[in-house]
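J.: Coordinates in work15.txt, compact mmCIF, C-alpha atoms and all ligand atoms, are listed below.
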```
# COMPACT_ATOMS: atom_id res chain seq x y z
CA MET A 1 -3.55 -11.05 -8.26
CA TYR A 2 -1.10 -10.25 -11.02
CA GLN A 3 2.54 -11.27 -10.85
CA THR A 4 4.86 -8.55 -9.63
CA SER A 5 8.46 -8.22 -8.56
CA ASN A 6 7.25 -6.29 -5.51
CA THR A 7 8.66 -8.16 -2.53
CA LEU A 8 5.55 -7.91 -0.36
CA SER A 9 3.88 -11.31 0.00
CA GLU A 10 0.79 -12.10 -2.06
CA ASN A 11 -1.15 -12.42 1.17
CA ILE A 12 -0.27 -8.86 2.19
CA ARG A 13 -0.84 -7.49 -1.32
CA THR A 14 -4.28 -9.13 -1.44
CA LYS A 15 -5.26 -7.57 1.89
CA SER A 16 -4.01 -4.17 0.74
CA ALA A 17 -5.90 -4.38 -2.55
CA GLU A 18 -9.11 -5.17 -0.64
CA LEU A 19 -8.58 -2.29 1.78
CA LEU A 20 -7.76 0.07 -1.08
CA ASN A 21 -10.77 -0.99 -3.16
CA ARG A 22 -13.11 -0.44 -0.20
CA HIS A 23 -11.82 3.13 -0.01
CA LEU A 24 -11.79 3.58 -3.79
CA ALA A 25 -15.55 3.01 -3.83
CA ALA A 26 -16.05 5.55 -1.06
CA ALA A 27 -13.71 8.09 -2.70
CA ILE A 28 -15.62 7.86 -5.99
CA ASP A 29 -18.87 8.31 -4.07
CA LEU A 30 -17.39 11.21 -2.07
CA HIS A 31 -16.24 12.95 -5.26
CA ALA A 32 -19.73 12.66 -6.75
CA GLN A 33 -21.33 13.89 -3.51
CA VAL A 34 -19.15 17.00 -3.43
CA LYS A 35 -19.90 17.65 -7.12
CA GLN A 36 -23.60 17.32 -6.31
CA ALA A 37 -23.10 20.07 -3.70
CA HIS A 38 -21.04 22.15 -6.15
CA TRP A 39 -23.80 22.03 -8.76
CA ASN A 40 -26.79 22.64 -6.50
CA VAL A 41 -25.67 24.98 -3.72
CA ARG A 42 -27.54 28.28 -3.43
CA GLY A 43 -27.27 31.11 -0.93
CA PRO A 44 -25.69 34.48 -0.21
CA ALA A 45 -22.14 33.06 -0.25
CA PHE A 46 -22.83 31.12 -3.46
CA ILE A 47 -19.69 31.75 -5.47
CA ALA A 48 -17.24 31.11 -2.62
CA ILE A 49 -18.89 27.83 -1.62
CA HIS A 50 -19.54 26.73 -5.21
CA GLU A 51 -15.84 27.17 -5.97
CA LEU A 52 -14.72 25.64 -2.68
CA PHE A 53 -16.72 22.47 -3.38
CA ASP A 54 -15.05 22.18 -6.78
CA LYS A 55 -11.59 22.37 -5.19
CA VAL A 56 -12.58 19.76 -2.60
CA ALA A 57 -13.91 17.51 -5.39
CA ASP A 58 -10.61 17.86 -7.29
CA ALA A 59 -8.63 16.86 -4.19
CA VAL A 60 -10.88 13.84 -3.62
CA GLU A 61 -10.53 12.79 -7.27
CA GLY A 62 -6.77 12.86 -6.77
CA TYR A 63 -7.13 10.52 -3.78
CA SER A 64 -9.20 8.04 -5.75
CA ASP A 65 -6.44 7.98 -8.39
CA THR A 66 -3.76 7.39 -5.75
CA ILE A 67 -5.78 4.59 -4.13
CA ALA A 68 -6.54 2.89 -7.46
CA GLU A 69 -2.95 3.06 -8.67
CA ARG A 70 -1.62 1.65 -5.39
CA ALA A 71 -4.00 -1.34 -5.79
CA ALA A 72 -2.81 -1.84 -9.37
CA ALA A 73 0.86 -1.45 -8.43
CA LEU A 74 0.46 -4.26 -5.89
CA GLY A 75 -0.86 -6.60 -8.58
CA GLY A 76 -4.48 -6.07 -7.67
CA THR A 77 -7.34 -4.89 -9.84
CA ALA A 78 -8.61 -1.38 -9.21
CA GLU A 79 -12.38 -1.78 -9.06
CA GLY A 80 -13.41 1.77 -9.83
CA THR A 81 -16.57 1.81 -11.88
CA VAL A 82 -19.41 4.01 -10.68
CA GLN A 83 -21.67 0.92 -10.56
CA VAL A 84 -19.33 -0.86 -8.15
CA ALA A 85 -18.73 2.31 -6.13
CA ALA A 86 -22.48 2.78 -5.65
CA LYS A 87 -22.85 -0.76 -4.29
CA ARG A 88 -19.81 -0.72 -2.01
CA SER A 89 -19.50 2.81 -0.65
CA PHE A 90 -19.74 3.03 3.13
CA LEU A 91 -20.76 6.70 3.04
CA GLU A 92 -24.24 7.87 3.92
CA GLN A 93 -26.51 8.58 0.98
CA TYR A 94 -26.40 12.22 -0.19
CA LYS A 95 -29.86 13.80 -0.24
CA LEU A 96 -31.06 15.15 -3.58
CA GLY A 97 -33.01 18.39 -3.75
CA VAL A 98 -30.93 20.27 -1.19
CA ALA A 99 -30.15 23.86 -2.15
CA ASP A 100 -29.42 25.76 1.05
CA GLU A 101 -25.70 26.38 1.48
CA LYS A 102 -25.67 25.50 5.19
CA ALA A 103 -27.33 22.16 4.46
CA HIS A 104 -24.77 21.37 1.76
CA LEU A 105 -21.90 22.43 4.01
CA ALA A 106 -23.23 20.15 6.76
CA ALA A 107 -23.74 17.23 4.37
CA VAL A 108 -20.28 17.56 2.82
CA THR A 109 -18.82 17.84 6.33
CA VAL A 110 -20.46 14.53 7.28
CA ALA A 111 -19.20 12.86 4.09
CA LEU A 112 -15.63 14.10 4.52
CA ALA A 113 -15.58 13.19 8.22
CA GLY A 114 -16.91 9.69 7.47
CA PHE A 115 -14.32 9.07 4.79
CA GLY A 116 -11.55 10.53 6.96
CA ASP A 117 -12.52 8.33 9.88
CA SER A 118 -12.25 5.19 7.78
CA ALA A 119 -8.98 6.33 6.16
CA ARG A 120 -7.52 6.88 9.64
CA LYS A 121 -8.52 3.35 10.68
CA ALA A 122 -6.97 2.01 7.46
CA ILE A 123 -3.58 3.49 8.49
CA ASP A 124 -3.41 1.08 11.43
CA GLU A 125 -5.06 -1.77 9.52
CA ALA A 126 -2.47 -1.68 6.71
CA ALA A 127 0.41 -1.32 9.16
CA ALA A 128 -0.90 -4.29 11.19
CA PHE A 129 -0.90 -6.67 8.22
CA GLY A 130 2.54 -5.50 7.11
CA ASP A 131 2.12 -2.91 4.33
CA ALA A 132 3.76 0.28 5.61
CA ASP A 133 3.51 1.94 2.18
CA THR A 134 -0.25 1.49 1.89
CA SER A 135 -0.45 2.71 5.47
CA ASP A 136 1.47 5.80 4.31
CA VAL A 137 -0.97 6.32 1.42
CA PHE A 138 -3.80 6.40 3.97
CA THR A 139 -1.83 8.69 6.29
CA GLU A 140 -1.31 11.25 3.53
CA MET A 141 -4.92 10.97 2.44
CA SER A 142 -6.28 11.22 5.94
CA ARG A 143 -4.25 14.39 6.53
CA GLY A 144 -5.53 15.82 3.24
CA ILE A 145 -9.14 15.00 4.09
CA ASP A 146 -8.70 16.68 7.49
CA TYR A 147 -7.55 19.80 5.63
CA GLN A 148 -10.53 19.72 3.24
CA LEU A 149 -12.84 19.15 6.21
CA TRP A 150 -11.42 22.25 7.90
CA LEU A 151 -12.04 24.36 4.78
CA VAL A 152 -15.65 23.20 4.61
CA GLU A 153 -16.74 23.07 8.25
CA SER A 154 -15.20 26.48 9.06
CA HIS A 155 -18.13 28.01 7.18
CA LEU A 156 -20.53 26.56 9.75
CA LYS A 157 -19.12 27.52 13.13
CA PRO A 158 -16.97 30.40 14.38
FE FE A 201 -18.26 23.16 -12.21
```
Kindly present the structure from the file in structure tokens form.
T.:
Amino acid sequence: MYQTSNTLSENIRTKSAELLNRHLAAAIDLHAQVKQAHWNVRGPAFIAIHELFDKVADAVEGYSDTIAERAAALGGTAEGTVQVAAKRSFLEQYKLGVADEKAHLAAVTVALAGFGDSARKAIDEAAAFGDADTSDVFTEMSRGIDYQLWLVESHLKP
């Protein structure tokens, strides 16, 4: 850990950096998964879903930036290479070769829900070890992911 004038203990900052890096890997993976859907989706509602996936990917990219910068601000190292993300991500593998829009919508729904579930658990985890601000980062992100999930899954069910 780097030296910082932040008054949180090194023990807390270390735990936060670990929690943040776990989610950084998943956020980088999630961004790439949604881009995969954006590039390959086909179907009668193509343009709407193609553009929606791009907006979702942009939002997710913003979250990865927030997570990484929080880790750095706490004196940690943001571990955000694609190689590391691929090894660490807790998300399910995204299937290649999918074209059908319903299949992409379902797969992106699963990915968003999985990430959101872990972000929600991280709210309590960070609060429990004493970092209310990192908890707040996860709260904001979890709410944002819920919103993106709504935009995507509303195409599937009435
Ligand atoms: Fe594009």
J.: Compile the contact shell of range 15-17 of chain A as number ranges by chain: residues with an atom at most 10 Å away, counting all atoms listed in the file, same-chain residues fewer than 4 positions apart removed.
T.: A: 1, 10-11, 21-24, 67-68, 70-79, 122, 125-127, 129-131, 133-135
J.: Around (-30.3, 24.9, 0.1) in the file's own coordinates, what residues are found within 10 Å if you use all atoms listed in the file, given back as a PyMOL selection string?
T.: chain A and resi 37+40-43+97-105
J.: Quick one: of A:Ser9, A:Thr14, A:Gln36, A:Thr81, who's nearest to ligand FE 201 (chain A), counting all atoms listed in the file?
T.: A:Gln36
J.: Which of these residues is nearest to ligand FE 201 (chain A), using all atoms listed in the file: A:Ala25, A:Thr7, A:Ile49, A:Arg13?
T.: A:Ile49
J.: Could you pull out the residues sitting within 10 Å of ligand FE 201 (chain A), using all atoms listed in the file, and write them as number ranges by chain?
T.: A: 35-36, 38-39, 50-51, 53-55, 57
J.: What does the distance between CA of Val34 in chain A and CA of Thr109 in chain A come to in Å, to one decimal place?
T.: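 Computed distance, CA of Val34 in chain A to CA of Thr109 in chain A, equals 9.8 Å.
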J.: Go through A:Leu19, A:Ala119, A:Leu30, A:Met141 and flag the residue nearest Glu92 in chain A, using all atoms listed in the file for the distances.
T.: A:Leu30
J.: Could you add all heavy atoms to range 32-43 of chain A and give me the result as an mmCIF file, in the frame of the given file?
T.:
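selection05.cif was written with the following content:
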```
data_model
loop_
_atom_site.group_PDB
_atom_site.id
_atom_site.type_symbol
_atom_site.label_atom_id
_atom_site.label_comp_id
_atom_site.auth_asym_id
_atom_site.auth_seq_id
_atom_site.Cartn_x
_atom_site.Cartn_y
_atom_site.Cartn_z
ATOM 1 N N ALA A 32 -18.429 12.371 -6.146
ATOM 2 C CA ALA A 32 -19.730 12.660 -6.750
ATOM 3 C C ALA A 32 -20.628 13.449 -5.792
ATOM 4 O O ALA A 32 -21.397 14.327 -6.213
ATOM 5 C CB ALA A 32 -20.410 11.356 -7.181
ATOM 6 N N GLN A 33 -20.529 13.158 -4.495
ATOM 7 C CA GLN A 33 -21.330 13.890 -3.510
ATOM 8 C C GLN A 33 -20.919 15.367 -3.455
ATOM 9 O O GLN A 33 -21.773 16.256 -3.394
ATOM 10 C CB GLN A 33 -21.172 13.262 -2.111
ATOM 11 C CG GLN A 33 -21.801 11.881 -2.006
ATOM 12 C CD GLN A 33 -22.001 11.418 -0.567
ATOM 13 O OE1 GLN A 33 -21.966 12.205 0.370
ATOM 14 N NE2 GLN A 33 -22.256 10.136 -0.391
ATOM 15 N N VAL A 34 -19.621 15.608 -3.501
ATOM 16 C CA VAL A 34 -19.150 17.000 -3.430
ATOM 17 C C VAL A 34 -19.509 17.741 -4.718
ATOM 18 O O VAL A 34 -19.851 18.927 -4.694
ATOM 19 C CB VAL A 34 -17.635 17.058 -3.117
ATOM 20 C CG1 VAL A 34 -17.168 18.502 -3.032
ATOM 21 C CG2 VAL A 34 -17.330 16.351 -1.802
ATOM 22 N N LYS A 35 -19.463 17.042 -5.845
ATOM 23 C CA LYS A 35 -19.900 17.650 -7.120
ATOM 24 C C LYS A 35 -21.400 17.983 -7.063
ATOM 25 O O LYS A 35 -21.836 19.024 -7.560
ATOM 26 C CB LYS A 35 -19.607 16.700 -8.288
ATOM 27 C CG LYS A 35 -18.194 16.809 -8.809
ATOM 28 C CD LYS A 35 -17.968 18.173 -9.479
ATOM 29 C CE LYS A 35 -16.743 18.180 -10.348
ATOM 30 N NZ LYS A 35 -16.502 19.516 -10.955
ATOM 31 N N GLN A 36 -22.166 17.078 -6.466
ATOM 32 C CA GLN A 36 -23.600 17.320 -6.310
ATOM 33 C C GLN A 36 -23.823 18.622 -5.543
ATOM 34 O O GLN A 36 -24.670 19.448 -5.924
ATOM 35 C CB GLN A 36 -24.227 16.123 -5.558
ATOM 36 C CG GLN A 36 -25.688 16.255 -5.190
ATOM 37 C CD GLN A 36 -26.619 16.164 -6.390
ATOM 38 O OE1 GLN A 36 -26.216 15.781 -7.475
ATOM 39 N NE2 GLN A 36 -27.871 16.556 -6.201
ATOM 40 N N ALA A 37 -23.026 18.827 -4.484
ATOM 41 C CA ALA A 37 -23.100 20.070 -3.700
ATOM 42 C C ALA A 37 -22.653 21.262 -4.537
ATOM 43 O O ALA A 37 -23.283 22.324 -4.517
ATOM 44 C CB ALA A 37 -22.239 19.924 -2.441
ATOM 45 N N HIS A 38 -21.577 21.097 -5.276
ATOM 46 C CA HIS A 38 -21.040 22.150 -6.150
ATOM 47 C C HIS A 38 -22.089 22.635 -7.152
ATOM 48 O O HIS A 38 -22.256 23.824 -7.382
ATOM 49 C CB HIS A 38 -19.806 21.584 -6.862
ATOM 50 C CG HIS A 38 -19.314 22.347 -8.048
ATOM 51 N ND1 HIS A 38 -18.682 23.569 -7.951
ATOM 52 C CD2 HIS A 38 -19.356 22.052 -9.369
ATOM 53 C CE1 HIS A 38 -18.342 23.986 -9.167
ATOM 54 N NE2 HIS A 38 -18.748 23.089 -10.039
ATOM 55 N N TRP A 39 -22.825 21.684 -7.720
ATOM 56 C CA TRP A 39 -23.800 22.030 -8.760
ATOM 57 C C TRP A 39 -25.073 22.651 -8.199
ATOM 58 O O TRP A 39 -25.731 23.436 -8.880
ATOM 59 C CB TRP A 39 -24.204 20.769 -9.552
ATOM 60 C CG TRP A 39 -23.103 20.186 -10.372
ATOM 61 C CD1 TRP A 39 -22.149 20.865 -11.078
ATOM 62 C CD2 TRP A 39 -22.819 18.796 -10.580
ATOM 63 N NE1 TRP A 39 -21.294 19.989 -11.702
ATOM 64 C CE2 TRP A 39 -21.679 18.715 -11.423
ATOM 65 C CE3 TRP A 39 -23.406 17.607 -10.148
ATOM 66 C CZ2 TRP A 39 -21.122 17.505 -11.834
ATOM 67 C CZ3 TRP A 39 -22.862 16.408 -10.563
ATOM 68 C CH2 TRP A 39 -21.736 16.354 -11.388
ATOM 69 N N ASN A 40 -25.449 22.270 -6.978
ATOM 70 C CA ASN A 40 -26.790 22.640 -6.500
ATOM 71 C C ASN A 40 -26.830 23.675 -5.389
ATOM 72 O O ASN A 40 -27.917 24.137 -5.025
ATOM 73 C CB ASN A 40 -27.524 21.381 -6.035
ATOM 74 C CG ASN A 40 -27.890 20.495 -7.209
ATOM 75 O OD1 ASN A 40 -28.712 20.869 -8.037
ATOM 76 N ND2 ASN A 40 -27.244 19.348 -7.313
ATOM 77 N N VAL A 41 -25.655 24.047 -4.849
ATOM 78 C CA VAL A 41 -25.670 24.980 -3.720
ATOM 79 C C VAL A 41 -26.225 26.344 -4.138
ATOM 80 O O VAL A 41 -25.975 26.811 -5.245
ATOM 81 C CB VAL A 41 -24.242 25.116 -3.114
ATOM 82 C CG1 VAL A 41 -23.286 25.821 -4.056
ATOM 83 C CG2 VAL A 41 -24.294 25.841 -1.767
ATOM 84 N N ARG A 42 -27.005 26.921 -3.236
ATOM 85 C CA ARG A 42 -27.540 28.280 -3.430
ATOM 86 C C ARG A 42 -27.525 29.010 -2.110
ATOM 87 O O ARG A 42 -27.732 28.406 -1.066
ATOM 88 C CB ARG A 42 -28.982 28.237 -3.962
ATOM 89 C CG ARG A 42 -29.056 27.851 -5.418
ATOM 90 C CD ARG A 42 -30.478 27.563 -5.871
ATOM 91 N NE ARG A 42 -30.451 27.125 -7.264
ATOM 92 C CZ ARG A 42 -30.632 27.922 -8.301
ATOM 93 N NH1 ARG A 42 -30.892 29.208 -8.131
ATOM 94 N NH2 ARG A 42 -30.585 27.450 -9.525
ATOM 95 N N GLY A 43 -27.278 30.308 -2.158
ATOM 96 C CA GLY A 43 -27.270 31.110 -0.930
ATOM 97 C C GLY A 43 -26.419 32.341 -1.122
ATOM 98 O O GLY A 43 -25.793 32.521 -2.171
#
```
